[in-house]
file query19.txt (compact mmCIF, C-alpha atoms)
# COMPACT_ATOMS: atom_id res chain seq x y z
CA MET A 1 75.71 60.83 25.03
CA ALA A 2 74.34 60.64 21.50
CA VAL A 3 76.44 60.63 18.37
CA ASP A 4 75.57 63.87 16.58
CA ALA A 5 74.94 64.59 12.94
CA ASP A 6 77.59 66.29 10.84
CA PRO A 7 78.24 69.58 12.72
CA THR A 8 79.26 71.34 9.48
CA VAL A 9 75.69 71.12 8.15
CA GLU A 10 73.08 73.59 9.35
CA PRO A 11 70.02 71.83 10.87
CA ALA A 12 67.70 73.63 8.46
CA ASP A 13 69.64 72.16 5.52
CA TRP A 14 70.10 68.66 6.96
CA ARG A 15 68.80 65.84 4.80
CA ASP A 16 68.38 62.23 5.81
CA PRO A 17 71.27 60.36 4.11
CA ARG A 18 69.34 57.09 4.45
CA LYS A 19 66.25 58.38 2.64
CA PRO A 20 67.00 56.65 -0.69
CA LEU A 21 67.56 53.37 1.19
CA TRP A 22 64.30 53.15 3.13
CA PRO A 23 62.28 51.54 0.28
CA LEU A 24 64.57 48.51 0.72
CA ALA A 25 62.38 47.72 3.76
CA LEU A 26 59.80 46.51 1.22
CA LEU A 27 62.23 44.00 -0.29
CA VAL A 28 61.43 41.27 2.23
CA PRO A 29 57.75 40.83 1.23
CA ALA A 30 58.88 40.93 -2.41
CA LEU A 31 61.25 37.99 -1.97
CA PRO A 32 58.51 35.29 -2.07
CA PHE A 33 57.65 36.49 -5.58
CA ALA A 34 61.29 36.08 -6.60
CA GLY A 35 61.20 32.59 -5.11
CA PHE A 36 58.05 31.82 -7.08
CA VAL A 37 59.70 32.93 -10.34
CA LEU A 38 62.71 30.72 -9.63
CA TRP A 39 60.47 27.79 -8.75
CA ARG A 40 58.47 28.17 -11.95
CA ALA A 41 61.75 28.36 -13.86
CA GLY A 42 62.57 24.88 -12.58
CA VAL A 43 65.12 25.70 -9.88
CA GLY A 44 63.29 23.41 -7.47
CA ALA A 45 62.61 23.33 -3.73
CA SER A 46 65.60 25.54 -2.96
CA SER A 47 63.67 28.46 -4.53
CA TRP A 48 61.50 28.64 -1.42
CA TRP A 49 64.52 29.12 0.82
CA LEU A 50 65.48 32.36 -0.92
CA THR A 51 63.79 34.61 1.67
CA PRO A 52 65.40 33.15 4.82
CA VAL A 53 68.78 32.89 3.04
CA VAL A 54 68.68 36.57 2.06
CA VAL A 55 67.47 37.73 5.50
CA PHE A 56 69.76 35.59 7.65
CA GLY A 57 72.64 35.00 5.23
CA LEU A 58 73.10 37.80 2.71
CA ILE A 59 72.05 40.74 4.90
CA PRO A 60 74.51 39.89 7.71
CA VAL A 61 77.34 39.73 5.15
CA ILE A 62 76.41 43.13 3.70
CA ASP A 63 76.08 44.51 7.23
CA LEU A 64 79.58 43.30 8.02
CA LEU A 65 80.98 44.91 4.88
CA LEU A 66 79.21 48.25 5.34
CA GLY A 67 79.62 48.48 9.11
CA ASP A 68 77.77 50.92 11.34
CA ASP A 69 75.98 54.16 10.63
CA ARG A 70 75.73 56.10 13.89
CA GLN A 71 74.75 59.47 12.50
CA ASN A 72 71.85 61.10 14.33
CA PRO A 73 69.47 63.72 12.96
CA PRO A 74 69.84 67.12 14.64
CA GLU A 75 66.94 67.83 16.99
CA GLU A 76 65.98 70.88 14.98
CA ALA A 77 65.30 68.61 11.99
CA VAL A 78 63.15 66.11 13.91
CA PRO A 79 59.76 67.89 13.50
CA ARG A 80 60.27 68.10 9.73
CA LEU A 81 61.37 64.46 9.54
CA SER A 82 58.44 63.30 11.66
CA ALA A 83 55.93 65.14 9.47
CA ASP A 84 57.32 63.77 6.19
CA GLY A 85 54.67 61.41 4.83
CA TYR A 86 57.27 59.53 2.77
CA TYR A 87 58.37 57.57 5.83
CA ARG A 88 54.83 56.84 6.94
CA TRP A 89 53.76 55.50 3.56
CA LEU A 90 56.64 53.05 3.52
CA THR A 91 55.23 51.38 6.63
CA TYR A 92 51.76 51.40 5.09
CA LEU A 93 52.98 49.79 1.87
CA TYR A 94 54.49 46.84 3.70
CA LEU A 95 50.99 45.54 4.44
CA PRO A 96 49.64 45.03 0.88
CA ALA A 97 52.97 43.45 -0.07
CA GLN A 98 52.76 41.20 3.01
CA TYR A 99 49.21 40.07 2.18
CA ALA A 100 49.98 39.54 -1.50
CA ALA A 101 52.90 37.28 -0.55
CA LEU A 102 50.65 35.36 1.86
CA VAL A 103 47.98 34.78 -0.81
CA LEU A 104 50.59 33.70 -3.36
CA CYS A 105 52.09 31.16 -1.00
CA CYS A 106 48.68 29.83 0.06
CA ALA A 107 47.98 29.18 -3.62
CA VAL A 108 51.30 27.35 -4.01
CA TRP A 109 50.73 25.29 -0.86
CA THR A 110 47.30 24.06 -1.94
CA GLY A 111 47.74 24.02 -5.69
CA ASP A 112 50.97 22.21 -6.38
CA ALA A 113 52.79 19.16 -5.07
CA LEU A 114 55.70 20.31 -2.92
CA SER A 115 58.53 18.22 -1.59
CA VAL A 116 59.14 18.25 2.16
CA ALA A 117 62.05 20.64 1.61
CA GLY A 118 59.93 22.91 -0.57
CA ALA A 119 57.03 22.92 1.90
CA ALA A 120 59.38 23.73 4.77
CA GLY A 121 60.93 26.54 2.75
CA LEU A 122 57.50 27.93 1.92
CA VAL A 123 56.54 27.96 5.60
CA ALA A 124 59.84 29.61 6.52
CA THR A 125 59.43 32.19 3.76
CA VAL A 126 55.96 33.34 4.82
CA GLY A 127 56.89 33.08 8.50
CA VAL A 128 59.81 35.47 7.96
CA VAL A 129 57.67 37.93 5.98
CA ASN A 130 54.91 37.93 8.60
CA GLY A 131 57.38 37.91 11.47
CA ILE A 132 59.06 41.04 10.14
CA ALA A 133 55.56 42.44 9.59
CA ILE A 134 55.18 42.33 13.39
CA ASN A 135 57.99 44.88 13.47
CA THR A 136 55.97 47.05 11.08
CA ALA A 137 52.99 46.56 13.41
CA HIS A 138 55.26 47.61 16.26
CA GLU A 139 56.13 50.88 14.54
CA LEU A 140 52.48 51.60 13.66
CA GLY A 141 51.03 50.51 16.99
CA HIS A 142 53.01 53.05 18.99
CA LYS A 143 51.45 56.00 17.20
CA ARG A 144 48.46 58.07 18.30
CA GLU A 145 46.82 58.19 14.86
CA ARG A 146 43.82 55.85 14.76
CA VAL A 147 44.50 54.60 11.22
CA GLU A 148 48.04 53.54 12.14
CA ARG A 149 46.86 51.69 15.22
CA TRP A 150 44.33 49.74 13.16
CA LEU A 151 46.90 49.00 10.47
CA SER A 152 49.09 47.58 13.24
CA LYS A 153 46.38 45.00 13.99
CA VAL A 154 46.06 44.23 10.27
CA ALA A 155 49.80 43.50 10.11
CA LEU A 156 49.50 41.22 13.16
CA ALA A 157 46.54 39.24 11.81
CA PRO A 158 48.46 36.63 9.72
CA THR A 159 50.42 35.45 12.79
CA GLY A 160 47.40 35.56 15.13
CA TYR A 161 49.47 37.69 17.49
CA GLY A 162 47.00 40.54 17.95
CA HIS A 163 47.53 40.57 21.72
CA PHE A 164 51.02 41.98 21.04
CA PHE A 165 49.27 45.32 20.36
CA VAL A 166 48.12 45.43 24.00
CA GLU A 167 50.96 43.70 25.81
CA HIS A 168 53.83 45.47 24.07
CA ASN A 169 52.51 49.00 24.49
CA ARG A 170 50.99 48.74 27.97
CA GLY A 171 52.95 45.85 29.46
CA HIS A 172 56.43 45.50 28.03
CA HIS A 173 57.15 49.23 27.90
CA VAL A 174 56.18 49.59 31.56
CA ARG A 175 58.01 46.52 32.88
CA VAL A 176 60.95 46.25 30.49
CA ALA A 177 64.23 45.00 32.00
CA THR A 178 62.51 43.69 35.13
CA ARG A 179 61.66 40.19 36.32
CA GLU A 180 57.96 41.03 35.92
CA ASP A 181 58.28 41.39 32.15
CA PRO A 182 57.74 38.14 30.18
CA ALA A 183 59.43 39.71 27.13
CA SER A 184 62.72 40.57 28.89
CA SER A 185 65.17 37.66 28.82
CA ARG A 186 67.47 36.92 31.72
CA LEU A 187 71.20 36.29 31.96
CA GLY A 188 71.74 32.54 31.59
CA GLU A 189 68.28 31.88 30.12
CA GLY A 190 68.44 30.14 26.76
CA PHE A 191 66.02 31.12 24.02
CA TRP A 192 64.15 27.80 24.08
CA ALA A 193 63.50 28.24 27.80
CA PHE A 194 62.48 31.85 27.20
CA TRP A 195 60.05 30.96 24.38
CA PRO A 196 57.21 29.42 26.46
CA ARG A 197 57.67 31.99 29.21
CA THR A 198 57.27 34.92 26.82
CA VAL A 199 54.63 33.42 24.50
CA PHE A 200 52.22 32.36 27.24
CA GLY A 201 53.24 35.03 29.71
CA SER A 202 52.62 37.81 27.20
CA LEU A 203 49.21 36.37 26.35
CA ARG A 204 48.22 36.21 30.04
CA SER A 205 49.52 39.73 30.62
CA ALA A 206 47.59 41.14 27.65
CA TRP A 207 44.37 39.57 28.94
CA ARG A 208 44.89 40.97 32.43
CA LEU A 209 45.70 44.44 31.11
CA GLU A 210 42.70 44.62 28.84
CA THR A 211 40.19 43.17 31.33
CA ALA A 212 41.51 45.57 33.97
CA ARG A 213 40.85 48.46 31.59
CA PHE A 214 37.19 47.45 31.34
CA ARG A 215 36.92 46.70 35.07
CA VAL A 216 38.04 50.24 35.94
CA ARG A 217 35.25 51.57 33.73
CA GLY A 218 32.70 49.19 35.23
CA ARG A 219 32.13 47.45 31.89
CA SER A 220 32.28 43.88 30.66
CA PRO A 221 35.37 42.94 28.62
CA TRP A 222 33.26 40.60 26.47
CA THR A 223 32.81 43.05 23.62
CA LEU A 224 34.42 43.74 20.26
CA ARG A 225 35.67 46.99 21.77
CA ASN A 226 38.13 44.77 23.61
CA GLU A 227 41.44 45.35 21.79
CA LEU A 228 42.24 41.63 22.00
CA PHE A 229 38.96 40.48 20.53
CA ASN A 230 38.92 42.92 17.62
CA ALA A 231 42.55 42.06 16.79
CA TRP A 232 41.88 38.32 16.94
CA ALA A 233 38.70 38.84 14.90
CA LEU A 234 40.87 40.12 12.06
CA THR A 235 42.86 36.87 12.19
CA LEU A 236 39.65 34.83 12.17
CA LEU A 237 38.27 36.74 9.19
CA LEU A 238 41.54 36.39 7.31
CA TYR A 239 41.80 32.65 7.94
CA VAL A 240 38.16 32.07 7.01
CA ALA A 241 38.62 34.02 3.77
CA LEU A 242 41.77 32.07 2.88
CA THR A 243 40.05 28.76 3.71
CA LEU A 244 37.10 29.65 1.48
CA ALA A 245 39.53 30.61 -1.29
CA PHE A 246 41.95 27.69 -1.06
CA GLY A 247 40.17 25.00 0.95
CA PRO A 248 40.79 23.57 4.43
CA GLY A 249 44.17 22.25 3.30
CA VAL A 250 45.55 25.76 3.80
CA LEU A 251 44.95 25.69 7.57
CA PRO A 252 48.06 23.65 8.53
CA PHE A 253 50.14 26.07 6.46
CA LEU A 254 48.60 29.08 8.19
CA ALA A 255 49.24 27.57 11.61
CA LEU A 256 52.87 26.66 10.85
CA GLN A 257 53.79 30.03 9.32
CA ALA A 258 52.18 31.80 12.29
CA VAL A 259 54.39 29.89 14.73
CA VAL A 260 57.48 30.75 12.67
CA GLY A 261 56.39 34.39 12.48
CA PHE A 262 55.78 34.98 16.17
CA THR A 263 58.85 32.95 17.08
CA LEU A 264 60.89 35.38 15.00
CA LEU A 265 59.33 38.22 17.00
CA GLU A 266 60.15 36.53 20.29
CA VAL A 267 63.76 35.81 19.39
CA VAL A 268 64.12 39.52 18.65
CA ASN A 269 62.53 40.27 22.02
CA TYR A 270 65.02 37.84 23.55
CA LEU A 271 68.08 39.64 22.23
CA GLU A 272 66.84 43.19 22.81
CA HIS A 273 67.11 43.17 26.62
CA TYR A 274 69.10 40.03 27.46
CA GLY A 275 70.34 40.18 31.04
CA LEU A 276 69.70 43.92 31.40
CA ALA A 277 68.02 45.13 34.58
CA ARG A 278 66.56 48.31 35.95
CA GLN A 279 67.68 48.80 39.52
CA ARG A 280 65.46 49.60 42.50
CA THR A 281 65.47 53.16 43.83
CA PRO A 282 65.65 53.88 47.60
CA ALA A 283 61.85 54.25 47.45
CA GLY A 284 61.56 50.65 46.18
CA ARG A 285 60.48 51.57 42.66
CA TYR A 286 62.28 50.62 39.49
CA GLU A 287 64.48 53.32 38.04
CA ARG A 288 63.26 55.05 34.91
CA VAL A 289 63.93 53.33 31.56
CA ASP A 290 66.97 54.83 29.86
CA PRO A 291 69.40 53.91 27.04
CA ARG A 292 71.30 51.46 29.28
CA HIS A 293 68.38 49.02 29.34
CA SER A 294 68.33 47.87 25.70
CA TRP A 295 70.92 46.27 23.43
CA ASN A 296 71.56 48.42 20.37
CA SER A 297 73.06 47.96 16.94
CA ASP A 298 73.77 50.51 14.22
CA ARG A 299 74.38 47.99 11.42
CA THR A 300 73.24 49.88 8.38
CA VAL A 301 71.31 47.36 6.29
CA THR A 302 69.42 45.63 9.11
CA ASN A 303 68.34 49.01 10.44
CA VAL A 304 66.87 49.86 7.05
CA PHE A 305 65.04 46.53 6.79
CA LEU A 306 63.65 46.84 10.34
CA PHE A 307 62.72 50.54 10.36
CA GLN A 308 65.57 51.20 12.82
CA LEU A 309 64.29 48.77 15.44
CA GLN A 310 67.92 48.22 16.40
CA ARG A 311 68.04 51.73 17.86
CA HIS A 312 66.00 50.21 20.61
CA SER A 313 67.26 52.32 23.50
CA ASP A 314 65.84 55.52 22.07
CA HIS A 315 62.62 53.73 21.19
CA HIS A 316 62.08 52.71 24.82
CA ALA A 317 63.00 56.13 26.13
CA ASN A 318 60.72 57.82 23.56
CA PRO A 319 58.07 55.32 22.32
CA LEU A 320 56.22 57.85 20.17
CA ARG A 321 59.35 58.88 18.27
CA ARG A 322 59.12 57.84 14.61
CA TYR A 323 61.68 55.42 13.24
CA GLN A 324 63.43 57.94 10.98
CA THR A 325 64.26 60.13 14.00
CA LEU A 326 65.62 57.48 16.39
CA ARG A 327 69.09 58.14 17.76
CA SER A 328 72.19 56.17 18.69
CA PHE A 329 73.60 56.61 22.21
CA ASP A 330 77.13 55.95 23.41
CA VAL A 331 75.88 54.71 26.81
CA SER A 332 73.76 51.94 25.25
CA PRO A 333 75.19 48.41 25.40
CA ARG A 334 76.03 47.26 21.89
CA LEU A 335 75.47 43.93 20.20
CA PRO A 336 78.49 42.51 18.37
CA ALA A 337 76.45 42.25 15.15
CA GLY A 338 73.07 43.23 13.72
CA TYR A 339 69.76 41.57 14.56
CA ALA A 340 69.85 39.42 11.42
CA THR A 341 73.03 37.78 12.70
CA MET A 342 72.13 37.71 16.37
CA VAL A 343 68.79 35.98 15.72
CA VAL A 344 70.68 32.98 14.33
CA VAL A 345 73.13 33.03 17.25
CA ALA A 346 70.26 33.14 19.78
CA LEU A 347 68.79 29.93 18.38
CA VAL A 348 71.92 28.09 19.61
CA PRO A 349 71.96 28.78 23.38
CA PRO A 350 75.55 27.64 24.11
CA LEU A 351 76.86 29.89 21.33
CA TRP A 352 74.68 32.78 22.48
CA ARG A 353 75.90 32.53 26.05
CA ARG A 354 79.51 32.36 24.94
CA VAL A 355 79.05 35.54 22.89
CA MET A 356 76.76 37.54 25.18
CA ASP A 357 77.20 36.60 28.85
CA ARG A 358 80.58 38.28 29.13
CA ARG A 359 79.16 41.41 27.51
CA VAL A 360 76.35 41.57 30.06
CA LEU A 361 78.86 41.24 32.89
CA ALA A 362 81.11 43.90 31.34
CA HIS A 363 78.11 46.23 31.16
CA TYR A 364 77.73 45.82 34.94
CA ASP A 365 81.47 45.99 35.69
CA GLY A 366 81.52 42.29 36.56
CA ASP A 367 78.74 42.54 39.17
CA ARG A 368 76.28 39.73 38.35
CA THR A 369 73.88 40.90 41.06
CA ARG A 370 73.03 43.97 39.00
CA ALA A 371 71.92 41.88 36.01
CA ASN A 372 68.51 40.31 35.38
CA LEU A 373 69.52 36.79 36.40
CA HIS A 374 67.88 33.51 35.40
CA ARG A 375 67.21 31.50 38.53
CA ARG A 376 66.70 27.81 37.79
CA GLY A 377 64.22 25.83 39.80

call {"tool": "encode", "arguments": {"input": "query19.txt", "output": "structure tokens"}}
result
Amino acid sequence: MAVDADPTVEPADWRDPRKPLWPLALLVPALPFAGFVLWRAGVGASSWWLTPVVVFGLIPVIDLLLGDDRQNPPEEAVPRLSADGYYRWLTYLYLPAQYAALVLCCAVWTGDALSVAGAAGLVATVGVVNGIAINTAHELGHKRERVERWLSKVALAPTGYGHFFVEHNRGHHVRVATREDPASSRLGEGFWAFWPRTVFGSLRSAWRLETARFRVRGRSPWTLRNELFNAWALTLLLYVALTLAFGPGVLPFLALQAVVGFTLLEVVNYLEHYGLARQRTPAGRYERVDPRHSWNSDRTVTNVFLFQLQRHSDHHANPLRRYQTLRSFDVSPRLPAGYATMVVVALVPPLWRRVMDRRVLAHYDGDRTRANLHRRG
């Protein structure tokens, strides 16, 4: 059962109470510029840790203070919300801000002597910006409009994770919460064990899905019409352009920030479906995806920063639904904190298991056999 909007307000008069907050989603790619100003002002290497500190330190604190916002838009207001270009342009605007931050940090990396701490902070800063950009790519890539689908690939280019466009839409959404899905983590599986399984498994799956698409049509996959190749071509063009602009010394930086960026994506994947399983029907098929198969959070600030990715249950049930219309459901299992907090917890597997394993078991009334179990060996 969903939590409804204020019943005293007529649907025709309903206005999104979060609308003034949505531009805050563009704050993350602006943070590297704040770090640069601090660094130039003589603050030192700590300036380049501003972005990760805000994302994984300040935002969780504000989330805790503000709590949850579980208000849903009335269904009658959804067509109007979906058609409002304001929300669409906010996702578009993330991309120029993302690329400007990348260029700035490439210039800093190659142009000035950085301490080890400063260099590490710079990598973390750009990795966080481009990792969160994968979430923007996620929102854009689910849409039918051609321009949004191409912008999704543009957002993925800095991390070299263009295959996410294929695997997420045609693989993960089909196999979510099953053992066949490399992006669904299992009960008892630590993040660092999950990381190679999802990174390489998702790449293999994307290749199989895309080559199968060409095989069905009787065509060769070795063409730029291949969604993988044209997405990866954008990464190649970007890296070549940055190398020509800043020299080959920028390449280690690009590689390191890419790993940080797609690792951030994969830790979010890890927490979104941890231990959750779709059961087999009497016919031997998996049951349909519903709100029980994703971990949700309604923490206000993180939902604004992530275009409501935390309302993940509704997203999986309705992949084409735009972020501003996603709903909260009472039947969805709930994380004890927002994604910004849970990402940090997931990086420490013993802490994660202490926090989450009992919640998975409670979701299945103590029956471990109903969960997606990690089988060692």

call {"tool": "closest_residue", "arguments": {"input": "query19.txt", "among": "A:Trp150, A:Phe246, A:Trp109, A:Tyr323", "to": "Leu95 of chain A", "atoms": "only C-alpha atoms"}}
result
A:Trp150

call {"tool": "axis_aligned_box", "arguments": {"input": "query19.txt", "around": "segment 269-276 of chain A", "padding_each_side": "8 Å", "output": "JSON"}}
result
{"center_x": 66.4, "center_y": 40.9, "center_z": 26.7, "size_x": 23.8, "size_y": 22.1, "size_z": 25.4}

call {"tool": "residues_around", "arguments": {"input": "query19.txt", "residues": "segment 23-39 of chain A", "least_positions_apart": "3", "cutoff": "10 Å", "atoms": "only C-alpha atoms", "output": "tab-separated table (two decimals) with C-alpha atoms, in the frame of the given file"}}
result
chain	number	residue	atom	x	y	z
A	18	ARG	CA	69.34	57.09	4.45
A	19	LYS	CA	66.25	58.38	2.64
A	20	PRO	CA	67.00	56.65	-0.69
A	42	GLY	CA	62.57	24.88	-12.58
A	43	VAL	CA	65.12	25.70	-9.88
A	44	GLY	CA	63.29	23.41	-7.47
A	45	ALA	CA	62.61	23.33	-3.73
A	46	SER	CA	65.60	25.54	-2.96
A	47	SER	CA	63.67	28.46	-4.53
A	48	TRP	CA	61.50	28.64	-1.42
A	49	TRP	CA	64.52	29.12	0.82
A	50	LEU	CA	65.48	32.36	-0.92
A	51	THR	CA	63.79	34.61	1.67
A	52	PRO	CA	65.40	33.15	4.82
A	54	VAL	CA	68.68	36.57	2.06
A	55	VAL	CA	67.47	37.73	5.50
A	86	TYR	CA	57.27	59.53	2.77
A	87	TYR	CA	58.37	57.57	5.83
A	89	TRP	CA	53.76	55.50	3.56
A	90	LEU	CA	56.64	53.05	3.52
A	91	THR	CA	55.23	51.38	6.63
A	93	LEU	CA	52.98	49.79	1.87
A	94	TYR	CA	54.49	46.84	3.70
A	95	LEU	CA	50.99	45.54	4.44
A	96	PRO	CA	49.64	45.03	0.88
A	97	ALA	CA	52.97	43.45	-0.07
A	98	GLN	CA	52.76	41.20	3.01
A	99	TYR	CA	49.21	40.07	2.18
A	100	ALA	CA	49.98	39.54	-1.50
A	101	ALA	CA	52.90	37.28	-0.55
A	102	LEU	CA	50.65	35.36	1.86
A	104	LEU	CA	50.59	33.70	-3.36
A	105	CYS	CA	52.09	31.16	-1.00
A	108	VAL	CA	51.30	27.35	-4.01
A	118	GLY	CA	59.93	22.91	-0.57
A	121	GLY	CA	60.93	26.54	2.75
A	122	LEU	CA	57.50	27.93	1.92
A	125	THR	CA	59.43	32.19	3.76
A	126	VAL	CA	55.96	33.34	4.82
A	128	VAL	CA	59.81	35.47	7.96
A	129	VAL	CA	57.67	37.93	5.98
A	130	ASN	CA	54.91	37.93	8.60
A	132	ILE	CA	59.06	41.04	10.14
A	133	ALA	CA	55.56	42.44	9.59
A	136	THR	CA	55.97	47.05	11.08
A	301	VAL	CA	71.31	47.36	6.29
A	302	THR	CA	69.42	45.63	9.11
A	303	ASN	CA	68.34	49.01	10.44
A	304	VAL	CA	66.87	49.86	7.05
A	305	PHE	CA	65.04	46.53	6.79
A	306	LEU	CA	63.65	46.84	10.34
A	307	PHE	CA	62.72	50.54	10.36

call {"tool": "closest_residue", "arguments": {"input": "query19.txt", "among": "A:Leu64, A:Ala113, A:Leu187, A:Ala41", "to": "Ser297 of chain A", "atoms": "all atoms listed in the file"}}
result
A:Leu64

call {"tool": "atom_distance", "arguments": {"input": "query19.txt", "atom1": "atom CA of Thr110 of chain A", "atom2": "atom CA of Ala245 of chain A"}}
result
10.2 Å

call {"tool": "residues_around", "arguments": {"input": "query19.txt", "residues": "Leu238 of chain A", "least_positions_apart": "5", "cutoff": "9 Å", "atoms": "all atoms listed in the file", "output": "list in words"}}
result
Ala157, Pro158, Ala233 and Thr243 of chain A

call {"tool": "write_last_selection", "arguments": {"input": "query19.txt", "atoms": "C-alpha atoms", "output": "PDB file, in the coordinates of the input"}}
result
ATOM      1  CA  ALA A 157      46.540  39.240  11.810  1.00  0.00           C
ATOM      2  CA  PRO A 158      48.460  36.630   9.720  1.00  0.00           C
ATOM      3  CA  ALA A 233      38.700  38.840  14.900  1.00  0.00           C
ATOM      4  CA  THR A 243      40.050  28.760   3.710  1.00  0.00           C
TER       5      THR A 243
END

call {"tool": "closest_residue", "arguments": {"input": "query19.txt", "among": "A:Tyr92, A:Tyr364, A:Phe191, A:Tyr161", "to": "Arg278 of chain A", "atoms": "only C-alpha atoms"}}
result
A:Tyr364

call {"tool": "atom_distance", "arguments": {"input": "query19.txt", "atom1": "atom CA of Arg15 of chain A", "atom2": "atom CA of Pro79 of chain A"}}
result
12.7 Å

call {"tool": "atom_distance", "arguments": {"input": "query19.txt", "atom1": "atom CA of Pro182 of chain A", "atom2": "atom CA of Thr223 of chain A"}}
result
26.2 Å

call {"tool": "residues_near_point", "arguments": {"input": "query19.txt", "point": "(42.8, 45.4, 26.4)", "cutoff": "7 Å", "atoms": "all atoms listed in the file", "output": "count of residues only"}}
result
10

call {"tool": "closest_residue", "arguments": {"input": "query19.txt", "among": "A:Leu151, A:Leu347, A:Ala277, A:Val268", "to": "His374 of chain A", "atoms": "only C-alpha atoms"}}
result
A:Ala277

call {"tool": "build_atoms", "arguments": {"input": "query19.txt", "residues": "segment 308-322 of chain A", "atoms": "N, CA and C atoms", "output": "PDB file, keeping the file's coordinate frame"}}
result
ATOM      1  N   GLN A 308      64.712  50.765  11.726  1.00  0.00           N
ATOM      2  CA  GLN A 308      65.570  51.200  12.820  1.00  0.00           C
ATOM      3  C   GLN A 308      65.182  50.629  14.187  1.00  0.00           C
ATOM      4  N   LEU A 309      64.606  49.441  14.177  1.00  0.00           N
ATOM      5  CA  LEU A 309      64.290  48.770  15.440  1.00  0.00           C
ATOM      6  C   LEU A 309      65.529  48.593  16.301  1.00  0.00           C
ATOM      7  N   GLN A 310      66.682  48.462  15.655  1.00  0.00           N
ATOM      8  CA  GLN A 310      67.920  48.220  16.400  1.00  0.00           C
ATOM      9  C   GLN A 310      68.348  49.413  17.247  1.00  0.00           C
ATOM     10  N   ARG A 311      67.804  50.584  16.972  1.00  0.00           N
ATOM     11  CA  ARG A 311      68.040  51.730  17.860  1.00  0.00           C
ATOM     12  C   ARG A 311      66.990  51.679  18.969  1.00  0.00           C
ATOM     13  N   HIS A 312      67.061  50.587  19.692  1.00  0.00           N
ATOM     14  CA  HIS A 312      66.000  50.210  20.610  1.00  0.00           C
ATOM     15  C   HIS A 312      66.006  51.042  21.892  1.00  0.00           C
ATOM     16  N   SER A 313      67.172  51.521  22.279  1.00  0.00           N
ATOM     17  CA  SER A 313      67.260  52.320  23.500  1.00  0.00           C
ATOM     18  C   SER A 313      66.440  53.600  23.372  1.00  0.00           C
ATOM     19  N   ASP A 314      66.590  54.290  22.267  1.00  0.00           N
ATOM     20  CA  ASP A 314      65.840  55.520  22.070  1.00  0.00           C
ATOM     21  C   ASP A 314      64.355  55.229  21.943  1.00  0.00           C
ATOM     22  N   HIS A 315      64.030  54.101  21.315  1.00  0.00           N
ATOM     23  CA  HIS A 315      62.620  53.730  21.190  1.00  0.00           C
ATOM     24  C   HIS A 315      61.974  53.565  22.561  1.00  0.00           C
ATOM     25  N   HIS A 316      62.673  52.904  23.504  1.00  0.00           N
ATOM     26  CA  HIS A 316      62.080  52.710  24.820  1.00  0.00           C
ATOM     27  C   HIS A 316      62.038  54.010  25.623  1.00  0.00           C
ATOM     28  N   ALA A 317      63.017  54.849  25.428  1.00  0.00           N
ATOM     29  CA  ALA A 317      63.000  56.130  26.130  1.00  0.00           C
ATOM     30  C   ALA A 317      61.937  57.066  25.561  1.00  0.00           C
ATOM     31  N   ASN A 318      61.657  56.930  24.242  1.00  0.00           N
ATOM     32  CA  ASN A 318      60.720  57.820  23.560  1.00  0.00           C
ATOM     33  C   ASN A 318      59.838  56.997  22.611  1.00  0.00           C
ATOM     34  N   PRO A 319      58.844  56.265  23.138  1.00  0.00           N
ATOM     35  CA  PRO A 319      58.070  55.320  22.320  1.00  0.00           C
ATOM     36  C   PRO A 319      57.317  55.939  21.156  1.00  0.00           C
ATOM     37  N   LEU A 320      56.978  57.212  21.243  1.00  0.00           N
ATOM     38  CA  LEU A 320      56.220  57.850  20.170  1.00  0.00           C
ATOM     39  C   LEU A 320      57.113  58.380  19.049  1.00  0.00           C
ATOM     40  N   ARG A 321      58.409  58.349  19.263  1.00  0.00           N
ATOM     41  CA  ARG A 321      59.350  58.880  18.270  1.00  0.00           C
ATOM     42  C   ARG A 321      59.319  57.996  17.025  1.00  0.00           C
ATOM     43  N   ARG A 322      59.208  58.616  15.854  1.00  0.00           N
ATOM     44  CA  ARG A 322      59.120  57.840  14.610  1.00  0.00           C
ATOM     45  C   ARG A 322      60.495  57.288  14.221  1.00  0.00           C
TER      46      ARG A 322
END
